[in-house]
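Student: My questions all concern the structure below.
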Amino acid sequence: MSIYLQQLTIRLAQGIGELPTEVRQRHIDYFLAAQQADGGFAGRMGGSDLYYTSFALRGLSILGELYGPTADKAAEFLSAQLASHQTIVDFFSLFYAANLLKVSSGIDIFEKSDPAWPDQVAAFLEQLRREDGGYSKAPEGHAGSTYHTFLVVLVLQLLEKPIPDPERIVAFLNSQLEPDGGWREIRVSKRAGTNPTAAAAAVLKIIEQNCDGLGAIDHHTKEITLDFLCEMQTDEGGLRANTRIPIADMLSSFTGGLTLSDLDSFEELDVNLYRKFVYSLQLPNGGFQAAAWDEAHDVEYTFYGLGCMALLENH
């Protein structure tokens, strides 16, 4: 099985490896300083949680620093979360963080778990399937979500489980595609967005790689997707979330840039302007801000910033 997230980690690590040592070290120090006493990582509100811990471990992984005491402490935090009730976002954060630890440092937090737990998780995820073919945020949801369909597919890959009825997922994503390009998050959304577009394109790539070419993006869809994403690039150089938002942000810049890279079209952007935007949000002592208006920083946006740097180095 072709694991999308493992491929992505390798690609980003290759790009990060091209950065000057002093740049890499600043961001390594930033992540290490952000680890809490319980081994987890916090967001801006304080207190460790799975979401931010996952992003911190992603950042340390692509920097080649996810090992030793840092990994041991993170494993303690993740192990303590195994019995908690989690949303699909936290499910993904836990499994992805655990996968990174296993690959990077050989720590398997599921080693003593019931051997049937992957089947149990896969069965729970299928309860999130809606009639439209997508997956919702929670069992009580009425319609599929592009983003949560993306998360379910990623978790299934990490569990090494096949994607059930991939044809229905492709049909769902086709229903979310706007005629002028870009994908909507939910069916009642009034416009496409950069991040649901990236999620949809990634799911289609995963299905294509693992389901005998099903989900392959045709020439017309590729062209309108490129047009949409390039329209999202602002005069600042980064990408914005949708047409109603005038300001670029690091999340959209990463997901949009990654999608263009996956479509072999990163150069469709004004790359020099993109580079200027990314580097403008890098802090002198490590870490990244989310956008020009942002006065703070966190491990999530630092991962996105590093991801953008890696995309630039890879191209």
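By order of appearance in the structure tokens: chains A, B, ..., then residues from 1 within every chain, and ligands from 1 in the order shown.
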For Glu268 (chain A), please output as a PDB file with N, CA and C atoms, in the first residue's frame all residues within 12 Å (counting only C-alpha atoms; exclusion window: fewer than 6 positions along the same chain).

Tutor:
ATOM      1  N   GLU A 223      -6.811  21.559 -14.846  1.00  0.00           N
ATOM      2  CA  GLU A 223      -6.659  22.946 -15.297  1.00  0.00           C
ATOM      3  C   GLU A 223      -7.488  23.914 -14.461  1.00  0.00           C
ATOM      4  N   THR A 225      -8.460  23.426 -11.448  1.00  0.00           N
ATOM      5  CA  THR A 225      -7.887  23.430 -10.099  1.00  0.00           C
ATOM      6  C   THR A 225      -6.682  24.355 -10.045  1.00  0.00           C
ATOM      7  N   LEU A 226      -5.837  24.300 -11.065  1.00  0.00           N
ATOM      8  CA  LEU A 226      -4.675  25.193 -11.123  1.00  0.00           C
ATOM      9  C   LEU A 226      -5.121  26.645 -11.172  1.00  0.00           C
ATOM     10  N   ASP A 227      -6.122  26.919 -11.991  1.00  0.00           N
ATOM     11  CA  ASP A 227      -6.628  28.291 -12.095  1.00  0.00           C
ATOM     12  C   ASP A 227      -7.142  28.780 -10.747  1.00  0.00           C
ATOM     13  N   PHE A 228      -7.887  27.927 -10.064  1.00  0.00           N
ATOM     14  CA  PHE A 228      -8.454  28.310  -8.768  1.00  0.00           C
ATOM     15  C   PHE A 228      -7.347  28.600  -7.758  1.00  0.00           C
ATOM     16  N   LEU A 229      -6.379  27.705  -7.649  1.00  0.00           N
ATOM     17  CA  LEU A 229      -5.333  27.879  -6.646  1.00  0.00           C
ATOM     18  C   LEU A 229      -4.456  29.089  -6.949  1.00  0.00           C
ATOM     19  N   CYS A 230      -4.166  29.310  -8.198  1.00  0.00           N
ATOM     20  CA  CYS A 230      -3.359  30.491  -8.545  1.00  0.00           C
ATOM     21  C   CYS A 230      -4.119  31.781  -8.259  1.00  0.00           C
ATOM     22  N   GLU A 231      -5.443  31.732  -8.397  1.00  0.00           N
ATOM     23  CA  GLU A 231      -6.260  32.896  -8.055  1.00  0.00           C
ATOM     24  C   GLU A 231      -6.194  33.180  -6.558  1.00  0.00           C
ATOM     25  N   MET A 232      -5.909  32.161  -5.765  1.00  0.00           N
ATOM     26  CA  MET A 232      -5.831  32.342  -4.315  1.00  0.00           C
ATOM     27  C   MET A 232      -4.538  33.029  -3.879  1.00  0.00           C
ATOM     28  N   GLN A 233      -3.545  33.115  -4.753  1.00  0.00           N
ATOM     29  CA  GLN A 233      -2.311  33.812  -4.380  1.00  0.00           C
ATOM     30  C   GLN A 233      -2.568  35.314  -4.357  1.00  0.00           C
ATOM     31  N   GLY A 256      -2.169  24.736  -0.394  1.00  0.00           N
ATOM     32  CA  GLY A 256      -2.286  25.085  -1.808  1.00  0.00           C
ATOM     33  C   GLY A 256      -1.003  24.810  -2.568  1.00  0.00           C
ATOM     34  N   GLY A 257       0.128  25.173  -1.968  1.00  0.00           N
ATOM     35  CA  GLY A 257       1.417  24.913  -2.609  1.00  0.00           C
ATOM     36  C   GLY A 257       1.677  23.429  -2.772  1.00  0.00           C
ATOM     37  N   THR A 259      -0.586  21.064  -3.070  1.00  0.00           N
ATOM     38  CA  THR A 259      -1.460  20.546  -4.124  1.00  0.00           C
ATOM     39  C   THR A 259      -0.904  20.874  -5.505  1.00  0.00           C
ATOM     40  N   LEU A 260      -0.429  22.086  -5.682  1.00  0.00           N
ATOM     41  CA  LEU A 260       0.191  22.450  -6.954  1.00  0.00           C
ATOM     42  C   LEU A 260       1.424  21.590  -7.216  1.00  0.00           C
ATOM     43  N   SER A 261       2.187  21.304  -6.175  1.00  0.00           N
ATOM     44  CA  SER A 261       3.352  20.436  -6.322  1.00  0.00           C
ATOM     45  C   SER A 261       2.929  19.027  -6.722  1.00  0.00           C
ATOM     46  N   TYR A 274       5.941  34.093  -3.411  1.00  0.00           N
ATOM     47  CA  TYR A 274       5.592  33.061  -2.414  1.00  0.00           C
ATOM     48  C   TYR A 274       6.720  32.941  -1.393  1.00  0.00           C
ATOM     49  N   HIS A 315      11.684  22.728  -5.260  1.00  0.00           N
ATOM     50  CA  HIS A 315      11.460  23.245  -6.608  1.00  0.00           C
ATOM     51  C   HIS A 315      12.483  24.295  -6.979  1.00  0.00           C
TER      52      HIS A 315
END

Student: For Asp218 (chain A), find every residue with an atom within 12 Å (counting only C-alpha atoms), except residues of its own chain fewer than 6 positions away, and show them as JSON, numbers by chain.

Tutor: {"A": [174, 201, 204, 205, 208, 224, 225, 263]}

Student: Using only C-alpha atoms, determine which residues lie at most 7 Å from region 143-160 of chain A, disregarding the query and same-chain residues fewer than 2 positions distant; provide the list as a VMD selection string.

Tutor: chain A and resid 3 92 95 118 122 125 130 132 to 137 141 162 to 163 185 to 186 196 199 to 200 203

Student: Enumerate, as number ranges by chain, the complete set of residues in region 177-297 of chain A that a backbone-based DSSP assignment places in helix (DSSP H, G or I).

Tutor: A: 194-210, 219-231, 250-262, 266-268, 271-280

Student: Save out the residues we just selected, C-alpha atoms, as a PDB file, in the first residue's frame.

Tutor:
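Saved to part17.pdb:
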ATOM      1  CA  THR A 194      -8.009  26.298  -0.730  1.00  0.00           C
ATOM      2  CA  ASN A 195      -7.952  23.779   2.106  1.00  0.00           C
ATOM      3  CA  PRO A 196     -10.892  21.586   1.022  1.00  0.00           C
ATOM      4  CA  THR A 197      -9.398  21.673  -2.471  1.00  0.00           C
ATOM      5  CA  ALA A 198      -6.119  20.354  -1.102  1.00  0.00           C
ATOM      6  CA  ALA A 199      -7.970  17.697   0.914  1.00  0.00           C
ATOM      7  CA  ALA A 200      -9.994  16.540  -2.102  1.00  0.00           C
ATOM      8  CA  ALA A 201      -6.962  16.396  -4.384  1.00  0.00           C
ATOM      9  CA  ALA A 202      -5.035  14.369  -1.779  1.00  0.00           C
ATOM     10  CA  VAL A 203      -7.880  11.865  -1.343  1.00  0.00           C
ATOM     11  CA  LEU A 204      -8.170  11.410  -5.101  1.00  0.00           C
ATOM     12  CA  LYS A 205      -4.405  10.854  -5.316  1.00  0.00           C
ATOM     13  CA  ILE A 206      -4.552   8.224  -2.559  1.00  0.00           C
ATOM     14  CA  ILE A 207      -7.445   6.432  -4.240  1.00  0.00           C
ATOM     15  CA  GLU A 208      -5.728   6.567  -7.617  1.00  0.00           C
ATOM     16  CA  GLN A 209      -2.539   5.051  -6.170  1.00  0.00           C
ATOM     17  CA  ASN A 210      -4.315   2.288  -4.274  1.00  0.00           C
ATOM     18  CA  HIS A 219      -7.041  17.252 -17.701  1.00  0.00           C
ATOM     19  CA  HIS A 220     -10.012  19.604 -17.379  1.00  0.00           C
ATOM     20  CA  THR A 221     -10.248  19.180 -13.604  1.00  0.00           C
ATOM     21  CA  LYS A 222      -6.521  19.733 -13.275  1.00  0.00           C
ATOM     22  CA  GLU A 223      -6.659  22.946 -15.297  1.00  0.00           C
ATOM     23  CA  ILE A 224      -9.552  24.482 -13.364  1.00  0.00           C
ATOM     24  CA  THR A 225      -7.887  23.430 -10.099  1.00  0.00           C
ATOM     25  CA  LEU A 226      -4.675  25.193 -11.123  1.00  0.00           C
ATOM     26  CA  ASP A 227      -6.628  28.291 -12.095  1.00  0.00           C
ATOM     27  CA  PHE A 228      -8.454  28.310  -8.768  1.00  0.00           C
ATOM     28  CA  LEU A 229      -5.333  27.879  -6.646  1.00  0.00           C
ATOM     29  CA  CYS A 230      -3.359  30.491  -8.545  1.00  0.00           C
ATOM     30  CA  GLU A 231      -6.260  32.896  -8.055  1.00  0.00           C
ATOM     31  CA  MET A 250       0.489  30.009   6.153  1.00  0.00           C
ATOM     32  CA  LEU A 251      -1.945  27.068   6.293  1.00  0.00           C
ATOM     33  CA  SER A 252      -3.492  27.862   2.911  1.00  0.00           C
ATOM     34  CA  SER A 253      -0.066  28.650   1.487  1.00  0.00           C
ATOM     35  CA  PHE A 254       1.174  25.211   2.479  1.00  0.00           C
ATOM     36  CA  THR A 255      -1.849  23.175   1.440  1.00  0.00           C
ATOM     37  CA  GLY A 256      -2.286  25.085  -1.808  1.00  0.00           C
ATOM     38  CA  GLY A 257       1.417  24.913  -2.609  1.00  0.00           C
ATOM     39  CA  LEU A 258       1.495  21.200  -1.832  1.00  0.00           C
ATOM     40  CA  THR A 259      -1.460  20.546  -4.124  1.00  0.00           C
ATOM     41  CA  LEU A 260       0.191  22.450  -6.954  1.00  0.00           C
ATOM     42  CA  SER A 261       3.352  20.436  -6.322  1.00  0.00           C
ATOM     43  CA  ASP A 262       1.364  17.172  -6.425  1.00  0.00           C
ATOM     44  CA  PHE A 266       4.161  24.557  -8.390  1.00  0.00           C
ATOM     45  CA  GLU A 267       5.787  26.947 -10.851  1.00  0.00           C
ATOM     46  CA  GLU A 268       2.323  28.215 -11.815  1.00  0.00           C
ATOM     47  CA  VAL A 271       7.399  31.538  -6.687  1.00  0.00           C
ATOM     48  CA  ASN A 272       9.569  34.526  -5.749  1.00  0.00           C
ATOM     49  CA  LEU A 273       6.585  36.281  -4.194  1.00  0.00           C
ATOM     50  CA  TYR A 274       5.592  33.061  -2.414  1.00  0.00           C
ATOM     51  CA  ARG A 275       9.111  32.776  -0.990  1.00  0.00           C
ATOM     52  CA  LYS A 276       9.003  36.387   0.215  1.00  0.00           C
ATOM     53  CA  PHE A 277       5.720  35.742   2.031  1.00  0.00           C
ATOM     54  CA  VAL A 278       6.924  32.563   3.730  1.00  0.00           C
ATOM     55  CA  TYR A 279      10.182  34.057   4.947  1.00  0.00           C
ATOM     56  CA  SER A 280       8.449  37.220   6.159  1.00  0.00           C
TER      57      SER A 280
END

Student: Pick out the closest residue to Tyr51 (chain A) from this set: A:Gln127, A:Ser93, A:Thr9, A:Asn314. Count only C-alpha atoms.

Tutor: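 Using only C-alpha atoms, Tyr51 (chain A) sits closest to A:Ser93.
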